[in-house]
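> Below you will find the structure I want to go over with you.
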Amino acid sequence: MAEKVLHVRMFGGFAMYYGRDAVVLNKAGSSKSVRLLQMLLLCVKGGIPKNELLDNLYGWNDKKDIANRNKNLNNLIYRLKGQLISVGLPEDDYVEINDGMCSFKSSIPLDLDTKRFEETVTLARKLGGGGAHTVV
């Protein structure tokens, strides 16, 4: 049996599919869990600094309560992991924090439209000789 792939569409509206099944975390597309997941997936290659996540999720202006913001982010990461598992994804860590960098981490094969786009742009630049070209 072929291994299921987690397909993620970021362009044209956020959507995820595990195999052929839609992955729906929350009906409110602006929930913090969904925003966290989207930021992690956009930075899947190198991760995103934890401070940047804190600023984007909990505001840039309220830096006086760092301990509370850290606790809130840790709780959000824990809830996101639980949500991913509850919607049918296999048991996994999903979020990893190392040296202040947060990353999406999973043993599930991942197909991101943003990654395919970046690979296509890189290939086009190589084939085009590096000059300025208009892409239509």
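Residues are named by chain letter and number: chains run A, B, ... in the order of the structure tokens, numbers start at 1 in each chain, and ligands are numbered from 1 in the order shown.
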Applying 12 Å and only C-alpha atoms, which residues near range 41-47 of chain A remain after dropping the ones on its own chain fewer than 2 positions away? List them as an NGL selection string.

:A and (6-11 or 14-16 or 34-39 or 49-53 or 94-106 or 110-115 or 117-118)

> Let's see if you can do this: from backbone DSSP, list all strand (DSSP E or B) residues in range 5-109 of chain A, as a list of chain:residue names.

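Selection result, strand (DSSP E or B) within range 5-109 of chain A: A:Leu6, A:His7, A:Val8, A:Arg9, A:Ala15, A:Met16, A:Tyr17, A:Tyr18, A:Asp21, A:Ala22, A:Val23, A:Ile48, A:Pro49, A:Tyr94, A:Val95, A:Glu96, A:Ile97, A:Asn98, A:Met101, A:Cys102, A:Ser103, A:Phe104, A:Lys105.
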
> May I have the selected residues written with C-alpha atoms, as a short mmCIF file (atom, residue, chain, number, x, y, z; two decimals), in the first residue's frame?


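Contents of again08.cif, freshly written:
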data_model
loop_
_atom_site.label_atom_id
_atom_site.label_comp_id
_atom_site.auth_asym_id
_atom_site.auth_seq_id
_atom_site.Cartn_x
_atom_site.Cartn_y
_atom_site.Cartn_z
CA LEU A 6 0.13 15.43 3.25
CA HIS A 7 -0.73 17.83 0.42
CA VAL A 8 -0.74 21.51 1.38
CA ARG A 9 -2.08 24.31 -0.81
CA ALA A 15 -6.16 23.77 2.19
CA MET A 16 -4.66 20.48 3.34
CA TYR A 17 -5.35 16.91 2.29
CA TYR A 18 -4.01 13.73 3.80
CA ASP A 21 -9.14 13.30 2.74
CA ALA A 22 -9.49 17.00 3.57
CA VAL A 23 -7.78 18.09 6.78
CA ILE A 48 11.04 30.38 11.83
CA PRO A 49 12.46 32.15 14.90
CA TYR A 94 4.72 18.03 14.07
CA VAL A 95 6.46 21.00 15.72
CA GLU A 96 10.09 21.07 16.76
CA ILE A 97 11.91 23.83 18.64
CA ASN A 98 15.72 23.89 18.49
CA MET A 101 13.92 28.09 15.80
CA CYS A 102 10.51 26.47 15.30
CA SER A 103 9.98 24.01 12.47
CA PHE A 104 7.25 21.80 11.06
CA LYS A 105 8.56 18.27 11.50
#

> Can you work out which one of A:Leu57, A:Leu84, A:Leu73, A:Leu127 has the shortest atom-to-atom distance to Val24 in chain A, counting only C-alpha atoms?

A:Leu84

> Determine, counting only C-alpha atoms, which protein, DNA and RNA residues have an atom within 12 Å of an atom of Ser107 in chain A; residues of the same chain fewer than 6 positions away are not included. Present the result as a PyMOL selection string.

chain A and resi 3-6+89-95

> Separation of CA of Leu123 in chain A and CA of Gly19 in chain A, in Å?

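CA of Leu123 in chain A sits 27.4 Å away from CA of Gly19 in chain A.
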
> For CA of Arg20 in chain A and CA of Gly88 in chain A, quote the distance in Å rounded to one decimal.

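One can read the CA of Arg20 in chain A to CA of Gly88 in chain A distance as 11.8 Å.
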
> Taking the chain letters and numbering used in this document, name the residues of range 62-113 of chain A that DSSP puts in helix (DSSP H, G or I), as a list in words.

Ile66, Ala67, Asn68, Arg69, Asn70, Lys71, Asn72, Leu73, Asn74, Asn75, Leu76, Ile77, Tyr78, Arg79, Leu80, Lys81, Gly82, Gln83, Leu84, Ile85, Ser86 and Asp113 of chain A
